[in-house]
file protein-v8.cif (mmCIF, C-alpha atoms)
data_structure
#
loop_
_atom_site.label_atom_id
_atom_site.label_comp_id
_atom_site.auth_asym_id
_atom_site.auth_seq_id
_atom_site.Cartn_x
_atom_site.Cartn_y
_atom_site.Cartn_z
CA MET A 867 0.00 0.00 0.00
CA PRO A 868 1.39 3.48 -0.86
CA GLY A 869 2.70 5.48 2.09
CA THR A 870 2.68 9.15 3.00
CA ALA A 871 5.43 11.34 4.42
CA LEU A 872 4.51 14.70 5.93
CA LEU A 873 7.45 17.08 6.43
CA ILE A 874 6.83 20.00 8.81
CA ALA A 875 9.61 22.52 9.45
CA ALA A 876 8.38 25.41 11.58
CA ALA A 877 9.90 28.22 13.63
CA PRO A 878 9.10 31.88 14.31
CA VAL A 879 10.54 34.47 11.94
CA SER A 880 11.12 36.82 14.87
CA LYS A 881 13.90 36.91 17.46
CA SER A 882 12.06 34.04 19.17
CA ARG A 883 13.53 31.62 16.62
CA LEU A 884 15.50 28.91 18.43
CA VAL A 885 16.22 26.60 15.49
CA ASP A 886 16.81 27.01 11.78
CA ALA A 887 14.15 24.40 11.07
CA ALA A 888 13.83 24.88 7.32
CA SER A 889 17.57 24.34 6.80
CA VAL A 890 17.04 20.58 6.93
CA LEU A 891 14.43 20.50 4.17
CA PRO A 892 16.94 20.42 1.27
CA VAL A 893 18.56 17.37 2.87
CA LEU A 894 15.18 15.68 3.33
CA ALA A 895 14.20 16.63 -0.23
CA ALA A 896 17.17 14.62 -1.49
CA VAL A 897 15.70 11.48 0.10
CA SER A 898 13.47 9.35 -2.11
CA PRO A 899 9.75 9.38 -1.18
CA ALA A 900 9.90 5.60 -0.70
CA ALA A 901 12.69 5.90 1.87
CA LEU A 902 10.90 8.73 3.70
CA ALA A 903 7.70 6.71 3.98
CA GLY A 904 9.22 3.26 4.33
CA THR A 905 7.07 1.91 1.47
CA ASP A 906 7.64 0.99 -2.18
CA THR A 907 5.66 4.01 -3.39
CA ALA A 908 4.78 7.15 -1.48
CA SER A 909 3.61 10.74 -1.63
CA VAL A 910 5.38 13.56 0.18
CA VAL A 911 3.77 16.72 1.58
CA GLU A 912 6.06 19.54 2.72
CA LEU A 913 5.23 22.49 4.99
CA ALA A 914 8.05 25.03 5.30
CA ASP A 915 7.59 27.70 7.99
CA PRO A 916 3.76 27.57 7.93
CA LEU A 917 1.98 30.71 9.11
CA ASP A 918 -1.34 29.36 10.35
CA PRO A 919 -2.14 26.44 12.69
CA GLN A 920 -5.26 25.67 10.65
CA THR A 921 -3.09 25.10 7.58
CA VAL A 922 -1.01 22.57 9.48
CA LEU A 923 -4.17 20.95 10.85
CA THR A 924 -5.67 20.60 7.37
CA ARG A 925 -2.54 18.91 6.00
CA LEU A 926 -2.21 16.68 9.07
CA ARG A 927 -5.86 15.66 8.86
CA ALA A 928 -5.57 14.76 5.18
CA ALA A 929 -2.42 12.72 5.84
CA ALA A 930 -4.07 10.95 8.79
CA MET A 931 -6.98 9.87 6.58
CA ALA A 932 -4.67 8.24 4.00
CA PRO A 933 -5.04 4.44 4.28
CA GLY A 934 -1.34 3.50 4.02
CA PRO A 935 1.57 3.96 6.44
CA LEU A 936 2.23 7.55 7.57
CA THR A 937 5.50 9.07 8.74
CA ILE A 938 5.61 12.63 10.03
CA TYR A 939 8.96 14.45 10.18
CA LEU A 940 8.69 17.42 12.54
CA ILE A 941 11.42 20.01 13.00
CA GLY A 942 10.80 23.02 15.20
CA GLN A 943 10.50 24.37 18.72
CA VAL A 944 7.97 23.82 21.49
CA HIS A 945 6.64 26.22 24.13
CA LEU A 946 3.99 26.46 26.81
CA ASP A 947 1.23 29.02 26.44
CA ARG A 948 1.00 31.44 29.34
CA ARG A 949 -2.64 30.84 30.15
CA GLN A 950 -3.17 27.07 30.11
CA ARG A 951 0.45 25.91 30.01
CA GLN A 952 -0.31 23.56 27.13
CA LEU A 953 2.51 22.51 24.80
CA HIS A 954 2.57 24.12 21.34
CA VAL A 955 4.77 23.93 18.24
CA ALA A 956 5.70 27.50 17.31
CA LEU A 957 4.90 28.67 13.76
CA ALA A 958 6.18 31.58 11.69
CA ARG A 959 4.03 34.28 13.35
CA THR A 960 4.23 32.90 16.88
CA THR A 961 5.29 35.12 19.78
CA SER A 962 5.07 34.42 23.49
CA ALA A 963 2.01 36.68 23.73
CA THR A 964 0.13 35.03 20.83
CA MET A 965 1.00 31.39 21.49
CA ARG A 966 -2.60 30.19 21.85
CA TYR A 967 -3.66 31.75 18.55
CA THR A 968 -0.65 31.37 16.26
CA ALA A 969 1.05 28.12 17.34
CA PHE A 970 0.04 24.49 16.75
CA PRO A 971 -1.21 22.69 19.90
CA TRP A 972 0.63 19.43 20.45
CA HIS A 973 -2.55 17.60 21.46
CA TRP A 974 -3.88 18.11 17.91
CA PHE A 975 -1.35 15.48 16.81
CA THR A 976 -2.80 12.91 19.18
CA GLN A 977 -6.38 13.78 18.26
CA GLU A 978 -5.84 13.46 14.52
CA LEU A 979 -3.77 10.26 14.68
CA ARG A 980 -5.76 8.33 17.28
CA LEU A 981 -7.92 6.26 14.90
CA ARG A 982 -5.05 5.09 12.71
CA PRO A 983 -4.16 1.37 13.02
CA THR A 984 -1.50 0.58 15.60
CA GLY A 985 1.93 0.38 14.02
CA SER A 986 0.99 2.31 10.86
CA THR A 987 2.06 5.75 12.08
CA ALA A 988 5.39 7.26 13.12
CA LEU A 989 6.25 10.77 14.29
CA ILE A 990 9.95 11.59 14.11
CA ALA A 991 10.81 14.89 15.80
CA ASP A 992 13.77 17.21 16.23
CA LEU A 993 12.54 19.78 18.74
CA HIS A 994 14.14 22.69 20.59
CA THR A 995 12.90 24.27 23.80
CA ASP A 996 13.01 27.25 26.07
CA THR A 997 13.56 26.93 29.83
CA GLU A 998 9.86 26.55 30.72
CA SER A 999 9.05 23.89 28.15
CA TRP A 1000 12.30 22.00 28.84
CA GLN A 1001 11.39 21.70 32.52
CA ALA A 1002 7.82 20.67 31.71
CA LEU A 1003 8.98 17.96 29.28
CA ASN A 1004 11.36 16.55 31.85
CA GLU A 1005 8.46 16.27 34.31
CA HIS A 1006 5.84 15.07 31.79
CA PRO A 1007 7.37 13.10 28.90
CA LEU A 1008 6.10 13.78 25.42
CA ASP A 1009 3.94 11.24 23.61
CA ALA A 1010 1.88 11.11 20.42
CA GLY A 1011 -0.89 8.87 21.71
CA PRO A 1012 -1.35 5.10 21.86
CA GLY A 1013 -0.46 3.26 18.68
CA VAL A 1014 1.83 6.00 17.31
CA ALA A 1015 5.59 5.50 17.27
CA LEU A 1016 7.47 8.56 18.52
CA TYR A 1017 11.19 8.89 17.90
CA GLY A 1018 13.57 11.83 18.00
CA ARG A 1019 15.25 14.27 20.33
CA ILE A 1020 14.35 17.31 22.37
CA ALA A 1021 17.20 19.79 22.77
CA PRO A 1022 17.55 21.93 25.91
CA PRO A 1023 17.70 25.75 25.81
CA ALA A 1024 20.81 26.87 23.91
CA ARG A 1025 23.37 29.12 25.55
CA ARG A 1026 24.00 31.10 22.39
CA ARG A 1027 21.40 33.33 20.78
CA THR A 1028 21.86 32.21 17.18
CA PRO A 1029 19.33 29.62 15.93
CA ALA A 1030 20.48 26.05 16.45
CA VAL A 1031 20.97 23.48 13.72
CA PRO A 1032 18.55 20.48 13.65
CA ALA A 1033 21.48 18.08 13.86
CA TYR A 1034 19.43 14.98 14.69
CA MET A 1035 17.14 15.33 11.66
CA LYS A 1036 20.04 16.15 9.35
CA ALA A 1037 21.82 12.99 10.48
CA LEU A 1038 18.67 10.96 10.01
CA ALA A 1039 18.11 12.39 6.51
CA THR A 1040 21.71 11.59 5.58
CA ILE A 1041 21.13 7.95 6.56
CA LEU A 1042 17.95 7.81 4.47
CA ARG A 1043 19.68 9.23 1.38
CA SER A 1044 21.05 5.75 0.76
CA GLY A 1045 17.54 4.91 -0.46
CA HIS A 1046 16.87 2.39 2.31
CA ARG A 1047 15.01 3.04 5.55
CA PRO A 1048 16.11 0.79 8.42
CA PRO A 1049 13.60 -0.15 11.13
CA LEU A 1050 12.73 2.92 13.18
CA LEU A 1051 14.64 2.07 16.34
CA PRO A 1052 18.01 1.40 14.60
CA LEU A 1053 17.43 4.48 12.43
CA HIS A 1054 16.84 6.58 15.54
CA GLN A 1055 19.86 5.14 17.31
CA GLN A 1056 22.16 5.87 14.36
CA ALA A 1057 20.93 9.48 14.15
CA ALA A 1058 21.22 9.98 17.92
CA GLN A 1059 24.85 8.79 17.87
CA SER A 1060 25.73 11.82 15.75
CA LEU A 1061 24.79 14.09 18.67
CA GLY A 1062 27.63 12.73 20.81
CA GLU A 1063 27.52 10.73 24.02
CA ASP A 1064 27.64 13.86 26.20
CA ALA A 1065 24.64 15.57 24.55
CA PRO A 1066 22.10 16.67 27.21
CA ASP A 1067 19.15 16.07 24.89
CA LEU A 1068 16.04 14.10 25.77
CA LEU A 1069 15.81 11.15 23.39
CA LEU A 1070 12.40 9.86 22.32
CA ALA A 1071 11.87 6.19 21.48
CA LEU A 1072 8.30 5.04 22.16
CA ASP A 1073 7.27 1.70 20.65
CA PRO A 1074 3.55 1.57 19.82
CA HIS A 1075 3.44 -2.18 20.43
CA ALA A 1076 4.66 -1.65 24.00
CA ALA A 1077 2.28 1.24 24.70
CA PRO A 1078 -1.15 0.74 26.30
CA THR A 1079 -3.81 0.05 23.71
CA ALA A 1080 -6.60 2.51 23.10
CA ALA A 1081 -9.02 -0.03 24.55
CA ALA A 1082 -7.11 -0.21 27.81
CA THR A 1083 -7.02 3.56 27.98
CA HIS A 1084 -10.62 4.39 27.25
CA LEU A 1085 -12.83 1.38 27.85
CA PRO A 1086 -14.29 -0.08 31.06
CA ALA A 1087 -12.38 -3.12 32.24
CA ALA A 1088 -15.46 -5.24 32.94
CA PRO A 1089 -18.69 -3.98 31.37
CA ALA A 1090 -21.99 -5.50 32.35
CA ALA A 1091 -22.92 -8.71 30.58
CA ASN A 1092 -24.55 -7.92 27.25
CA PRO A 1093 -24.86 -10.88 24.88
CA ALA A 1094 -25.84 -8.57 22.01
CA GLY A 1095 -23.13 -6.06 22.80
CA PRO A 1096 -19.47 -5.77 21.81
CA ASP A 1097 -16.87 -8.41 22.56
CA GLN A 1098 -14.71 -7.20 25.42
CA HIS A 1099 -11.80 -9.41 24.41
CA THR A 1100 -11.16 -7.64 21.11
CA ASP A 1101 -9.68 -4.21 20.46
CA PRO A 1102 -12.75 -2.31 19.25
CA HIS A 1103 -10.63 0.41 17.67
CA ALA A 1104 -8.84 -2.13 15.48
CA ALA A 1105 -12.17 -3.61 14.37
CA ILE A 1106 -13.59 -0.16 13.65
CA THR A 1107 -10.51 0.86 11.68
CA ALA A 1108 -10.67 -2.35 9.63
CA ALA A 1109 -14.33 -1.67 8.81
CA VAL A 1110 -13.56 1.90 7.73
CA GLU A 1111 -10.67 0.80 5.52
CA ALA A 1112 -12.96 -1.75 3.87
CA GLY A 1113 -15.62 0.91 3.25
CA ARG A 1114 -18.08 -0.61 5.75
CA HIS A 1115 -18.92 2.71 7.37
CA GLY A 1116 -22.29 1.57 8.70
CA GLU A 1117 -20.67 -1.35 10.48
CA ALA A 1118 -18.01 0.92 11.99
CA ALA A 1119 -20.66 3.36 13.25
CA ALA A 1120 -22.70 0.51 14.75
CA LEU A 1121 -19.66 -0.84 16.62
CA ALA A 1122 -18.88 2.59 18.07
CA ALA A 1123 -22.52 3.13 19.07
CA SER A 1124 -22.58 -0.27 20.79
CA TRP A 1125 -19.49 0.55 22.84
CA GLU A 1126 -20.94 3.96 23.69
CA GLN A 1127 -24.07 2.31 25.07
CA THR A 1128 -21.94 -0.02 27.19
CA ALA A 1129 -19.99 2.95 28.53
CA LEU A 1130 -23.25 4.81 29.21
CA ARG A 1131 -24.59 1.95 31.34
CA MET A 1132 -21.31 1.59 33.21
CA HIS A 1133 -20.35 5.21 33.75
CA GLY A 1134 -23.31 7.45 32.93
CA PRO A 1135 -23.68 10.42 30.56
CA SER A 1136 -20.86 12.96 30.29
CA SER A 1137 -18.32 10.38 31.52
CA ASN A 1138 -14.94 10.27 29.82
CA GLU A 1139 -15.77 6.84 28.39
CA VAL A 1140 -19.01 8.01 26.78
CA ILE A 1141 -17.42 11.20 25.44
CA HIS A 1142 -14.61 9.17 23.91
CA TRP A 1143 -17.08 7.10 21.89
CA MET A 1144 -19.01 10.19 20.86
CA GLU A 1145 -15.76 11.57 19.45
CA VAL A 1146 -15.14 8.29 17.61
CA ARG A 1147 -18.64 8.50 16.08
CA ALA A 1148 -17.97 12.09 15.02
CA ASP A 1149 -14.78 11.04 13.24
CA LEU A 1150 -16.50 8.07 11.63
CA ALA A 1151 -19.22 10.31 10.21
CA ARG A 1152 -16.52 12.50 8.65
CA PHE A 1153 -14.78 9.44 7.17
CA ALA A 1154 -18.16 8.32 5.75
CA GLY A 1155 -18.62 11.66 4.00
CA ASP A 1156 -21.39 12.96 6.27
CA PRO A 1157 -20.10 16.33 7.54
CA ALA A 1158 -23.51 17.36 8.90
CA ARG A 1159 -23.73 14.37 11.21
CA SER A 1160 -20.09 14.82 12.21
CA CYS A 1161 -20.71 18.50 13.01
CA GLU A 1162 -23.80 17.65 15.04
CA THR A 1163 -21.86 15.05 17.03
CA TRP A 1164 -18.96 17.39 17.75
CA LEU A 1165 -21.47 19.97 19.00
CA ALA A 1166 -22.79 17.28 21.35
CA VAL A 1167 -19.25 16.42 22.47
CA ALA A 1168 -18.56 20.05 23.38
CA SER A 1169 -21.85 20.26 25.27
CA ALA A 1170 -21.11 17.03 27.14
CA ARG A 1171 -17.67 18.24 28.18
CA LEU A 1172 -19.10 21.53 29.43
CA THR A 1173 -21.82 19.65 31.31
CA ALA A 1174 -19.12 17.49 32.90
CA GLY A 1175 -17.55 20.65 34.33
CA GLN A 1176 -14.71 21.23 31.89
CA ALA A 1177 -13.76 24.88 31.37
CA PRO A 1178 -14.83 26.60 28.13
CA ASP A 1179 -11.17 27.36 27.35
CA SER A 1180 -9.90 23.84 28.06
CA PRO A 1181 -8.12 22.29 25.05
CA GLU A 1182 -10.65 19.44 24.74
CA VAL A 1183 -13.68 21.74 24.69
CA GLU A 1184 -12.03 24.17 22.28
CA ALA A 1185 -11.02 21.33 19.98
CA ALA A 1186 -14.60 20.00 19.84
CA ALA A 1187 -15.98 23.48 19.10
CA ASP A 1188 -13.35 24.13 16.43
CA ARG A 1189 -14.07 20.82 14.71
CA ALA A 1190 -17.81 21.46 14.72
CA HIS A 1191 -17.24 24.93 13.28
CA HIS A 1192 -14.80 23.64 10.65
CA LEU A 1193 -17.33 21.06 9.43
CA TRP A 1194 -20.24 23.52 9.51
CA ASP A 1195 -18.26 25.96 7.35
CA ARG A 1196 -17.96 23.23 4.71
CA LEU A 1197 -21.65 22.36 4.57
CA ARG A 1198 -23.27 23.36 1.29
CA ASP A 1199 -26.79 22.12 1.98
CA PRO A 1200 -28.77 25.23 3.09
CA GLU A 1201 -31.12 23.14 5.24
CA ALA A 1202 -28.23 21.59 7.15
CA VAL A 1203 -26.54 24.98 7.60
CA ARG A 1204 -29.73 26.49 9.01
CA ALA A 1205 -30.43 23.46 11.22
CA LEU A 1206 -27.00 23.37 12.88
CA GLY A 1207 -26.12 27.07 12.81
CA PRO A 1208 -28.04 28.23 15.92
CA ALA A 1209 -26.48 25.50 18.09
CA LEU A 1210 -23.01 26.43 16.83
CA ILE A 1211 -23.61 30.10 17.59
CA ARG A 1212 -24.78 29.27 21.11
CA LEU A 1213 -21.62 27.19 21.58
CA ARG A 1214 -19.37 29.93 20.21
CA ARG A 1215 -20.76 32.37 22.77
CA GLN A 1216 -19.43 30.02 25.46
CA VAL A 1217 -16.38 28.73 23.61
CA PRO A 1218 -14.92 31.34 21.24
CA GLY A 1219 -11.71 29.30 20.86
CA ARG A 1220 -8.27 30.45 19.84
CA GLN A 1221 -9.18 32.14 16.58
CA ARG A 1222 -10.58 35.62 16.98
CA GLY A 1223 -14.02 36.49 15.61
CA THR A 1224 -15.44 32.96 15.46
CA LEU A 1225 -18.85 34.04 16.78
CA THR A 1226 -19.14 36.92 14.29
CA LEU A 1227 -18.12 34.70 11.39
CA ALA A 1228 -20.72 32.09 12.33
CA GLN A 1229 -23.44 34.72 12.66
CA ARG A 1230 -22.60 36.25 9.28
CA ARG A 1231 -22.64 32.91 7.51
CA LEU A 1232 -25.98 31.95 9.01
CA GLU A 1233 -27.39 35.34 8.00
CA GLN A 1234 -26.49 34.56 4.38
CA PHE A 1235 -28.69 31.47 4.54
CA HIS A 1236 -31.47 32.91 6.69
CA GLY A 1237 -31.66 36.42 5.36
CA GLN A 1238 -32.03 37.77 8.88
CA ARG A 1239 -29.83 38.21 11.91
CA VAL A 1240 -29.85 35.35 14.38
CA GLY A 1241 -29.46 36.55 17.96
#
call {"tool": "encode", "arguments": {"input": "protein-v8.cif", "output": "structure tokens"}}
result
Amino acid sequence: MPGTALLIAAAPVSKSRLVDAASVLPVLAAVSPAALAGTDTASVVELADPLDPQTVLTRLRAAAMAPGPLTIYLIGQVHLDRRQRQLHVALARTTSATMRYTAFPWHWFTQELRLRPTGSTALIADLHTDTESWQALNEHPLDAGPGVALYGRIAPPARRRTPAVPAYMKALATILRSGHRPPLLPLHQQAAQSLGEDAPDLLLALDPHAAPTAAATHLPAAPAANPAGPDQHTDPHAAITAAVEAGRHGEAAALAASWEQTALRMHGPSSNEVIHWMEVRADLARFAGDPARSCETWLAVASARLTAGQAPDSPEVEAAADRAHHLWDRLRDPEAVRALGPALIRLRRQVPGRQRGTLTLAQRRLEQFHGQRVG
């Protein structure tokens, strides 16, 4: 099956630049697509110093939906936003004051990659840090979610002010220029050796097969007996993914709905288990080409999280609102736009999100379909 390689090199253009991220792209460009993706044939998508987090999200989402193996090469710098202290990858326009609006939240990686089959996805990163983010990453190790391989290095704050060189990724690209991609762990080890034994970097080497499965993370350990319900001894996410890849979208949706009902009986509405399966259903509707149903479900996810007591500016609530809004913006059926618009506007009053003017934009679009202002 053809693979996909997504190359992201990002850093601020201002004095906040810690690494010359784009300098490694010519070296990566000299690597064959097959070696980058680890498959016989592959497509390569390159993002050099992207300006907007939504642009990165769109490319990441498209790559995550590709059926074959996916390898993401990420070069850049990570920071904590001042308000929520969530980790972000800085983009071209990012400053410390605008982190929440102009940088790419790390948890978007885990959200977009979570439904991919275990072992089919790798994120290889060469990241640089400031003092705050370095300390946070030492206390809370980075991960890309269950089922995703994460390899690379995180460099500590540099003593000199000039942007650092992404030495790990350059070494890795040099190895790949031979046209052959070794297994990920040996590839990582060879690239890390170029940094020197005394390098103070944090090295990342997370094996998806050794990580907890999504089922162990999200599902009840012993649901009530339900002969007609799902089989507890299988990984439901693997079965759902297989159904999606085979085009059996109705079967995938039915499996997710069955697990949601089990979680509802065990844990009640607005529980983390129920919300998880709502999110799975929302993604499945998008995969099935039903953006209206996906939008409606993401609106319900945001409402459930708020009902459960999560803050309107929490990353999970904002992500649900942003996804609902993104899907609603792409609806072309006037009836669906009018049906879902008022609920989205009510949500945007509570959860404006990172992008400025979301409420106004939603109101204006609904006006175009209604012909009158919706309060």
call {"tool": "atom_distance", "arguments": {"input": "protein-v8.cif", "atom1": "atom CA of A:Asp996", "atom2": "atom CA of A:Arg959"}}
result
17.1 Å
call {"tool": "resolve_selection", "arguments": {"input": "protein-v8.cif", "expression": "the PyMOL selection byres ((chain A and resi 889) around 9)", "output": "PyMOL selection string"}}
result
chain A and resi 875+886-888+890-893+1031-1032+1036
call {"tool": "residues_around", "arguments": {"input": "protein-v8.cif", "residues": "stretch 934-951 of chain A", "least_positions_apart": "4", "cutoff": "6 Å", "atoms": "all atoms listed in the file", "output": "list in words"}}
result
Met867, Pro868, Gly869, Thr870, Ala871, Leu872, Leu873, Ile874, Ala875, Ala876, Ala877, Ala887, Ala903, Val955, Ala956, Met965, Ser986, Thr987, Ala988, Leu989, Ile990, Ala991, Asp992, Leu993, His994, Thr995 and Ser999 of chain A
call {"tool": "residues_near_point", "arguments": {"input": "protein-v8.cif", "point": "(-31.1, 30.0, 7.6)", "cutoff": "12 Å", "atoms": "only C-alpha atoms", "output": "list in words"}}
result
Asp1199, Pro1200, Glu1201, Ala1202, Val1203, Arg1204, Ala1205, Leu1206, Gly1207, Pro1208, Ala1228, Gln1229, Arg1230, Arg1231, Leu1232, Glu1233, Gln1234, Phe1235, His1236, Gly1237, Gln1238, Arg1239 and Val1240 of chain A
call {"tool": "resolve_selection", "arguments": {"input": "protein-v8.cif", "expression": "the PyMOL selection byres ((chain A and resi 1184) around 10)", "output": "mmCIF file with C-alpha atoms, in the frame of the given file"}}
result
data_model
loop_
_atom_site.group_PDB
_atom_site.id
_atom_site.type_symbol
_atom_site.label_atom_id
_atom_site.label_comp_id
_atom_site.auth_asym_id
_atom_site.auth_seq_id
_atom_site.Cartn_x
_atom_site.Cartn_y
_atom_site.Cartn_z
ATOM 1 C CA ALA A 1168 -18.560 20.050 23.380
ATOM 2 C CA ALA A 1177 -13.760 24.880 31.370
ATOM 3 C CA PRO A 1178 -14.830 26.600 28.130
ATOM 4 C CA ASP A 1179 -11.170 27.360 27.350
ATOM 5 C CA SER A 1180 -9.900 23.840 28.060
ATOM 6 C CA PRO A 1181 -8.120 22.290 25.050
ATOM 7 C CA GLU A 1182 -10.650 19.440 24.740
ATOM 8 C CA VAL A 1183 -13.680 21.740 24.690
ATOM 9 C CA ALA A 1185 -11.020 21.330 19.980
ATOM 10 C CA ALA A 1186 -14.600 20.000 19.840
ATOM 11 C CA ALA A 1187 -15.980 23.480 19.100
ATOM 12 C CA ASP A 1188 -13.350 24.130 16.430
ATOM 13 C CA ARG A 1189 -14.070 20.820 14.710
ATOM 14 C CA ALA A 1190 -17.810 21.460 14.720
ATOM 15 C CA ARG A 1214 -19.370 29.930 20.210
ATOM 16 C CA GLN A 1216 -19.430 30.020 25.460
ATOM 17 C CA VAL A 1217 -16.380 28.730 23.610
ATOM 18 C CA PRO A 1218 -14.920 31.340 21.240
ATOM 19 C CA GLY A 1219 -11.710 29.300 20.860
ATOM 20 C CA ARG A 1220 -8.270 30.450 19.840
#
call {"tool": "atom_distance", "arguments": {"input": "protein-v8.cif", "atom1": "atom CA of A:Val1146", "atom2": "atom CA of A:Phe975"}}
result
15.6 Å
call {"tool": "atom_distance", "arguments": {"input": "protein-v8.cif", "atom1": "atom CA of A:Leu913", "atom2": "atom CA of A:Ala1057"}}
result
22.4 Å
call {"tool": "resolve_selection", "arguments": {"input": "protein-v8.cif", "expression": "the PyMOL selection byres ((chain A and resi 1007) around 12)", "output": "VMD selection string"}}
result
chain A and resid 953 999 to 1006 1008 to 1011 1016 1019 to 1020 1068 to 1072
call {"tool": "write_last_selection", "arguments": {"input": "protein-v8.cif", "atoms": "C-alpha atoms", "output": "PDB file, keeping the file's coordinate frame"}}
result
ATOM      1  CA  LEU A 953       2.510  22.510  24.800  1.00  0.00           C
ATOM      2  CA  SER A 999       9.050  23.890  28.150  1.00  0.00           C
ATOM      3  CA  TRP A1000      12.300  22.000  28.840  1.00  0.00           C
ATOM      4  CA  GLN A1001      11.390  21.700  32.520  1.00  0.00           C
ATOM      5  CA  ALA A1002       7.820  20.670  31.710  1.00  0.00           C
ATOM      6  CA  LEU A1003       8.980  17.960  29.280  1.00  0.00           C
ATOM      7  CA  ASN A1004      11.360  16.550  31.850  1.00  0.00           C
ATOM      8  CA  GLU A1005       8.460  16.270  34.310  1.00  0.00           C
ATOM      9  CA  HIS A1006       5.840  15.070  31.790  1.00  0.00           C
ATOM     10  CA  LEU A1008       6.100  13.780  25.420  1.00  0.00           C
ATOM     11  CA  ASP A1009       3.940  11.240  23.610  1.00  0.00           C
ATOM     12  CA  ALA A1010       1.880  11.110  20.420  1.00  0.00           C
ATOM     13  CA  GLY A1011      -0.890   8.870  21.710  1.00  0.00           C
ATOM     14  CA  LEU A1016       7.470   8.560  18.520  1.00  0.00           C
ATOM     15  CA  ARG A1019      15.250  14.270  20.330  1.00  0.00           C
ATOM     16  CA  ILE A1020      14.350  17.310  22.370  1.00  0.00           C
ATOM     17  CA  LEU A1068      16.040  14.100  25.770  1.00  0.00           C
ATOM     18  CA  LEU A1069      15.810  11.150  23.390  1.00  0.00           C
ATOM     19  CA  LEU A1070      12.400   9.860  22.320  1.00  0.00           C
ATOM     20  CA  ALA A1071      11.870   6.190  21.480  1.00  0.00           C
ATOM     21  CA  LEU A1072       8.300   5.040  22.160  1.00  0.00           C
TER      22      LEU A1072
END
call {"tool": "residues_around", "arguments": {"input": "protein-v8.cif", "residues": "stretch 1147-1153 of chain A", "least_positions_apart": "4", "cutoff": "9 Å", "atoms": "all atoms listed in the file", "output": "list in words"}}
result
Met931, Leu981, Ile1106, Val1110, His1115, Ala1118, Ala1119, Ala1122, Ala1123, His1142, Trp1143, Pro1157, Ala1158, Arg1159, Ser1160, Cys1161, Glu1162, Thr1163, Trp1164, Val1167 and Leu1193 of chain A
